[in-house]
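Below is one structure, written out as structure tokens; the observations come after it.
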Amino acid sequence: MADQSPNKCPLPWGQSASHRLGQSLALLLACIPLLGLTTESKEASSAFRSPPGAEPLDAALQKKLAETLKARGPDYEPRTRNLGSDGAPVYSNRLLLEASPYLQQHAHNPVNWYPWGDEAFAAARRRGVPVLVSIGYSTCHWCHVMEEESFDDPETAEYLNANFVAIKVDREARPDVDAVYMSAVQAMGIDGGWPLNVWVTPDRTPFFGGTYFPPADQRGRPGFKQILKRIHEQYAENPERFRAHAQAVARELSLQLAGRDTTSSSSPKIADLEATFRRYEALADDDWGGLRQRVKFPSSLPIPLLLRWHRRSGDPRALDISTRALDAMAAGGIHDQLAGGFHRYSTDERWLLPHFEKMLYDQALLSNAYLEGWQQSGNERFADITRSILDYVQSELGAPSGAFYSATDADSVGPGGEMEEGFYFTWTPDEVDAILGPSVGSQFRLWYGVSTAGDVDGRSVLRTWKNPDELAAELEMPRAQLIANIEAANMKMLSARGQRPAPLRDDKIIAAWNGLAISAFARAGFVLNQKSYLGAARAAATFVLDQMRVDGRLRRIWLQGKAAGPAFLSDYAFMIAGLLDLYEASPDIRWIDEAIALQGVLDTHYADPMGGYFRTADDSEVLLVREKPFRDGAIPSGNSVEALNLLRLASLTGDDNYRNRGLQILSSRGDAIRKSPTNASELLLALDFALDTPKEILLIKGPNGDADPLIDVVRQSFAPNRVISVVDDGAERDAHASRVPLLRYKTAQKGRSTVYVCENKVCKKPTSDPEVLKKQLQGGPPKP
């Protein structure tokens with residue numbers, strides 16, 4: 001399209017309310033030529049300098065920044081290339097006063113950053129300029145790249161400061177802000193991702209955005225400086241046009257994100273489960289596992305859903321797709337072969353070349369997938385992977401308080417002193433041989449695919465694609481000896497890797513992600529009979545409940561000794577799920593009481609009478625729209641998890657109000673599930689539960705310590721649609737029965753531990769025989 005003059009750009013001012021957002025934004029994108037998108041040991045310095053191009057910081061703010069910087073002490077290492085001769089940062093901005101690790105990373109940019117809040121938008125209104133809202137997170141590789149290239153560049157910062165107000169947002173602390181602006185950018189026809197850069201009017205409504213921008217035009221991608229220049233010029237000439245368009249965007253976003261489409265012609269059924277499986281079956285990658293995609297996220301294939309379909313239908317293809325993906329991920333470079341845990345995603349179809357962030361939520365969700373894979377397939381390697389994930393989480397993400405930190409970075413300091421993605425995790429043959437010697441080094445290199453050519457800049461990502469038997473034959477040595485050598489070598493290599501500068505760790509404690517971790521540790525502790533995992537789950541739950549609640553309501557973040565930030569739907573939903581899993585794995589009446597209490601807060605402050613829950617509370621900050629999230633992505637949506645929570649609470653407590661609210665969520669999403677089932681994979685777990693006859697498993701322990709054989713049967717059975725209560729006979733049973741009424745009148749018969757397997761509150765014959773119990777648990781859901 002030829003360049004258009006400003007007065008001819010067909011922006012859709014004044015169009016009818018029925019004009020859809022996609023059409024509206026298509027016209028805005030026609031104006032891309034207008035916007036310039038057509039191109040193919042230290043002490044604080046005594047001199048305090050305001051960011052270039054910005055209004056001078058007032059004296060009180062300067063003093064506060066200087067005092068904060070001085071308090072960091074001589075060992076403080078500012079993250080900037082703009083340093084004075086004494087090594088102190090040349091610039092400091094308001095982010096220095098924030099607790100978020102991500103905001104702290106930008107505290108010494110020459111950009112005059114504001115944190116999200118009224119002060120920034122008031123400044124934009126006073127100055128009559130638009131606002132750049134830049135959203136990311138502390139372990140985001142491309143966020144770091146854009147910071148180094150643009151936000152830490154004084155020339156770029158000067159232009160940005162002079163013509164815009166700039167806001168930095170930590171998406172992990174404010175997922176509500178991120179969700180609204182991400183939806184706006186995606187509606188513009190732009191793929192979402194981070195960093196997310198959105199230009200908004202002073203009343204917070206978006207009119208343009210994108211993700212990573214290089215500093216200058218590059219291979220068809222527009223340069224950040226050029227975008228700033230064009231937006232400034234056109235906004236200064238006619239701000240009303242931008243404001244009008246932004247208001248149209250806001251109206252359409254309100255319709256899209258409110259999630260109030262309850263016109264479903266029918267509730268979802270078993271046929272929808274089968275249709276979803278067939279969709280994934282058609283997309284399955286039979287060569288490398290997962291789905292046929294160039295970039296592969298572990299969450300793209302919903303293994304728990306496929307395993308439930310296998311249980312329901314008996315279709316061996318569902319189990320094959322699941323186990324193939326579990327095997328492929330475990331063998332690939334996305335899996336940290338030395339320390340355990342998984343990187344965030346793979347940039348290639350082979351699961352080999354990851355982006356090297358390691359997120360707490362990925363570890364929790366993958367732990368559950370591998371655990372259920374073991375229960376369904378009996379493959380002990382899957383149980384071992386579960387253990388290695390959770391051992392990694394305890395070792396690297398465990399906080400002294402008992403809770404869990406959020407993530408580790410993709411980047412670390414390389415040998416040249418520059419930040420490099422993946423250097424910490426990759427190897428050369430010479431490095432391997434220097435640590436292990438040439439003999440064992442050769443075995444290690446063959447086992448893990450370390451080569452001279454390497455995978456990235458001559459460095460190899462470890463993977464285990466070799467068959468151990470074939471490699472042992474190739475090396476003419478016994479298989480057992482080879483494995484013993486590799487296990488010993490792993491310890492040496494891990495120790496040597498530990499001498500390298502490690503990737504930064506984001507030490508935020510996030511309530512929602514700790515809820516996922518509590519579930520993972522509780523489930524694995526129960527199924528694998530691992531007391532240390534149960535202890536970890538209890539410690540994390542205790543911390544969140546005791547330290548991250550104020551006046552009975554959760555806070556989103558714990559950082560620098562304080563609970564802060566509004567809690568969101570996911571914080572409550574994931575914590576409730578974690579507490580229910582913990583109650584079933586480690587029966588303590590507190591866990592079910594706390595789950596019920598948190599559910600009460602959700603129902604009071606987050607519920608939509610039309611069904612489902614809003615992301616934010618009724619007394620939270622008002623954004624463009626009060627979103628009701630349903631889309632399941634890398635992290636499940638709060639509504640999907642909450643639907644299952646409600647069904648589980650109903651089965652435990654006998655309160656049908658919970659069940660009715662869970663079914664209301666499902667019935668309101670029937671059409672959405674049929675239209676886009678791959679966006680509802682976690683919600684379909686709740687549907688599978690609802691379409692089953694969940695088993696209520698009540699184990700009354702006798703005085704003779706004979707319960708373990710019965711518990712072992714429950715541990716090893718893949719019966720996901722069930723609830724469990726394990727209590728001592730007598731006073732403990734009576735106390736729990738006030739919350740779980742089915743426990744009433746259940747006893748350890750003849751002094752022996754006894755299990756009651758019930759369905760719809762009707763119990764089968766009680767048994768103390770593990771073999772009988774096994775048969776009682778084998779009955780699956782109705783066949784499709």
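Identifiers for the structure tokens are assigned positionally: chains receive A, B, ... in sequence, residues are indexed from 1 per chain, and ligands are indexed from 1 in the order shown.
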### Task
Would you mind listing what lies within 8 Å of Pro468 of chain A as a VMD selection string, with only C-alpha atoms counted and same-chain residues fewer than 4 positions away left out?
chain A and resid 447 472 479 483
Within 9 Å of Asp588 of chain A, counting only C-alpha atoms, which residues show up once you throw out same-chain ones fewer than 4 positions away? Write them as a compact mmCIF listing (two decimals) with N, CA and C atoms, in the first residue's frame, please.
# COMPACT_ATOMS: atom_id res chain seq x y z
N LEU A 582 -3.83 -31.42 48.93
CA LEU A 582 -3.09 -31.64 50.17
C LEU A 582 -3.96 -32.34 51.21
N TYR A 583 -5.24 -31.99 51.27
CA TYR A 583 -6.13 -32.68 52.20
C TYR A 583 -6.22 -34.17 51.88
N GLU A 584 -6.30 -34.50 50.60
CA GLU A 584 -6.41 -35.90 50.22
C GLU A 584 -5.11 -36.66 50.47
N ILE A 592 -8.91 -28.59 54.39
CA ILE A 592 -10.25 -28.49 53.78
C ILE A 592 -10.97 -27.25 54.30
N VAL A 727 -8.58 -41.16 57.35
CA VAL A 727 -8.61 -40.69 58.74
C VAL A 727 -8.50 -41.87 59.70
N HIS A 736 -13.56 -34.88 61.16
CA HIS A 736 -13.59 -34.70 59.71
C HIS A 736 -15.00 -34.87 59.15
#### Entry: Top pick for closest residue to Phe689 of chain A, considering A:Val713, A:Ala650, A:Leu580, A:Leu69 and counting only C-alpha atoms
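Of all the options, A:Ala650 lies closest to Phe689 of chain A.
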### Task
Compare A:Ser570, A:Asn660, A:Thr542, A:Ser586 by their minimum atom-to-atom distance to Gly638 of chain A, counting only C-alpha atoms, and give me the closest one.
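For Gly638 of chain A, the nearest of the given residues is A:Ser570.
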### Message
Considering only C-alpha atoms, can you say which of A:Gln375, A:Gln749, A:Asn645, A:Gln716 comes closest to Asp729 of chain A?
### Response
A:Gln749
### Task
Skip Tyr361 of chain A itself and residues of its chain fewer than 6 positions away, then list as a list in words all residues within 10 Å of it, counting only C-alpha atoms.
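Using only C-alpha atoms, the neighbours found are Arg344, Ser367, Ser406, Ala407, Ala512, Trp513, Asn514, Gly515, Leu516, Ala517, Ala520, Ala634, Ile635 and Pro636 of chain A.
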### Query
Which residues, written as an NGL selection string, have at least one atom at most 8 Å from segment 169-178 of chain A, with only C-alpha atoms counted and residues fewer than 5 positions away on the same chain left out?
:A and (100 or 102-103 or 115-116 or 133-138 or 510 or 556-557 or 565 or 615-616 or 623 or 627)
### Message
Using only C-alpha atoms, which protein or nucleic acid residues come within 8 Å of Cys758 of chain A? Drop anything in the same chain fewer than 3 positions from it, and give the result as a list in words.
### Response
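Result of the neighbour search: Lys695, Glu696, Ile697, Lys761, Val762, Cys763 and Lys764 of chain A.
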### Message
When DSSP is applied to the backbone of this structure, which of segment 404-465 of chain A are assigned strand (DSSP E)? Write them out as a ChimeraX atom specification.
### Response
/A:407-408,411-413,419-421,426-427,460-461
### Message
I need the helix (DSSP H, G or I) residues of segment 363-485 of chain A per DSSP on the backbone, written as JSON, numbers by chain.
### Response
{"A": [363, 364, 365, 366, 367, 368, 369, 370, 371, 372, 373, 374, 375, 376, 377, 380, 381, 382, 383, 384, 385, 386, 387, 388, 389, 390, 391, 392, 393, 394, 395, 396, 397, 423, 424, 425, 429, 430, 431, 432, 433, 434, 435, 436, 438, 439, 440, 441, 442, 443, 444, 445, 446, 447, 448, 468, 469, 470, 471, 472, 473, 474, 475, 479, 480, 481, 482, 483, 484, 485]}
### Query
Which residues come within 12 Å of segment 766-777 of chain A, counting only C-alpha atoms, excluding same-chain residues fewer than 4 positions away, as a VMD selection string?
chain A and resid 693 to 702 706 to 722 746 to 759 762 781
### Task
Determine the nearest neighbour of Ala735 of chain A from the options A:Pro587, A:Ala59, A:Ala496, A:Glu233, counting only C-alpha atoms.
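Closest to Ala735 of chain A of all the choices is A:Pro587.
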### Option closest in space to Phe297 of chain A, from A:Leu353, A:Leu494, A:Leu61, A:Ala120 [counting only C-alpha atoms]
A:Leu353
### Task
Do a neighbour search on segment 337-339 of chain A at 7 Å with only C-alpha atoms, toss out local chain neighbours closer than 5 positions, and write the hits as an NGL selection string.
:A and (392 or 462-463 or 490 or 494)
Filtering to N, CA, C and O atoms, could you give me those residues as a compact mmCIF listing (two decimals), in the first residue's frame?
# COMPACT_ATOMS: atom_id res chain seq x y z
N TYR A 392 14.46 -30.73 41.77
CA TYR A 392 14.99 -29.47 41.24
C TYR A 392 14.27 -28.28 41.88
O TYR A 392 14.90 -27.30 42.29
N LEU A 462 22.49 -30.62 25.98
CA LEU A 462 22.46 -32.03 26.32
C LEU A 462 21.09 -32.63 26.00
O LEU A 462 20.05 -32.06 26.29
N ARG A 463 21.11 -33.84 25.40
CA ARG A 463 19.91 -34.61 25.14
C ARG A 463 20.27 -36.08 25.23
O ARG A 463 21.44 -36.46 25.19
N ASN A 490 27.47 -37.28 35.71
CA ASN A 490 26.47 -36.24 35.88
C ASN A 490 26.73 -35.40 37.12
O ASN A 490 26.59 -34.16 37.10
N LEU A 494 27.51 -31.49 36.97
CA LEU A 494 26.62 -30.57 37.67
C LEU A 494 27.40 -29.70 38.65
O LEU A 494 27.17 -28.49 38.76
